[in-house]
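Asker: The structure under discussion is supplied below as structure tokens; questions concerning it will follow.
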Amino acid sequence: MPRQARLRIALLSTLPVLAVTVLALFPLALAGLLPWSVPPAVLLAQGVQAWLVLHRLGRPTSSG
């Protein structure tokens, strides 16, 4: 699989959670209902997930 396709899949796999982070967690943190450490932790976790997806998609498949 081409690297560009793997990168696109890895980034698109994180979009649903990133959308929730931006649309829900940051306003909750602004309102004081959520600790400020939660949104950056979610963003960091999504970065790790994207890296893992990219890494795992690059593995060659075992033949047979």
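Starting from 1 in every chain, residues are counted up; chains themselves are A, B, ... following the order of the structure tokens, and ligands are numbered from 1 as listed.
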If we count only C-alpha atoms, what is near Leu25 of chain A at a cut-off of 9 Å, once residues fewer than 4 positions away on the same chain are taken out, given as a short mmCIF file (atom, residue, chain, number, x, y, z; two decimals) with N, CA, C and O atoms, in the first residue's frame?

Answerer:
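Once everything was written out, this is out_13.cif:
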data_model
loop_
_atom_site.label_atom_id
_atom_site.label_comp_id
_atom_site.auth_asym_id
_atom_site.auth_seq_id
_atom_site.Cartn_x
_atom_site.Cartn_y
_atom_site.Cartn_z
N VAL A 20 -15.05 15.41 18.29
CA VAL A 20 -15.66 15.43 19.62
C VAL A 20 -14.81 16.27 20.57
O VAL A 20 -15.33 17.05 21.38
N THR A 21 -13.48 16.14 20.45
CA THR A 21 -12.59 16.91 21.32
C THR A 21 -12.79 18.40 21.12
O THR A 21 -12.94 19.16 22.08
N ALA A 29 -14.22 22.52 29.01
CA ALA A 29 -13.08 23.00 29.77
C ALA A 29 -13.16 24.52 29.95
O ALA A 29 -12.82 25.04 31.02
N LEU A 30 -13.61 25.22 28.92
CA LEU A 30 -13.78 26.67 29.04
C LEU A 30 -14.82 27.03 30.10
O LEU A 30 -14.68 28.02 30.81
N LEU A 34 -14.72 20.68 33.16
CA LEU A 34 -13.79 19.61 32.82
C LEU A 34 -12.37 20.13 33.08
O LEU A 34 -12.08 21.28 32.77
N VAL A 38 -7.58 17.35 30.27
CA VAL A 38 -8.26 16.30 29.49
C VAL A 38 -8.16 16.53 27.98
O VAL A 38 -7.74 15.62 27.25
N PRO A 39 -8.50 17.71 27.43
CA PRO A 39 -8.41 17.87 25.97
C PRO A 39 -7.01 17.63 25.40
O PRO A 39 -6.87 16.91 24.40
#

Asker: So that I can check the surroundings of Pro40 of chain A, please list as a PyMOL selection string every protein, DNA and RNA residue that reaches within 12 Å of it, counting only C-alpha atoms and ignoring chain neighbours fewer than 2 positions away.

Answerer: chain A and resi 18+21-22+25-26+29+34-38+42-47

Asker: At a cut-off of 6 Å, using only C-alpha atoms, what residues contact Ala50 of chain A? Leave out same-chain residues fewer than 3 positions from it and give the result as a PyMOL selection string.

Answerer: chain A and resi 10-11+47+53

Asker: Have a look at A:Ala24, A:Val17, A:Arg6, A:Met1 and name the one nearest to His55 of chain A; count only C-alpha atoms.

Answerer: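 Once distances to His55 of chain A are computed over only C-alpha atoms, the minimum belongs to A:Arg6.
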
Asker: Using only C-alpha atoms, which of the listed residues (A:Gln49, A:Ala41, A:Leu57, A:Gly32) sits closest to Ser13 of chain A?

Answerer: A:Gln49

Asker: With DSSP run on the backbone, what are the alpha helix (DSSP H) residues within chain A? I'd like them as a count of residues only.

Answerer: 41

Asker: So which one's closest to Arg3 of chain A, A:Ala31, A:Leu54, A:Val48, A:Ala19? Using only C-alpha atoms, please.

Answerer: A:Leu54
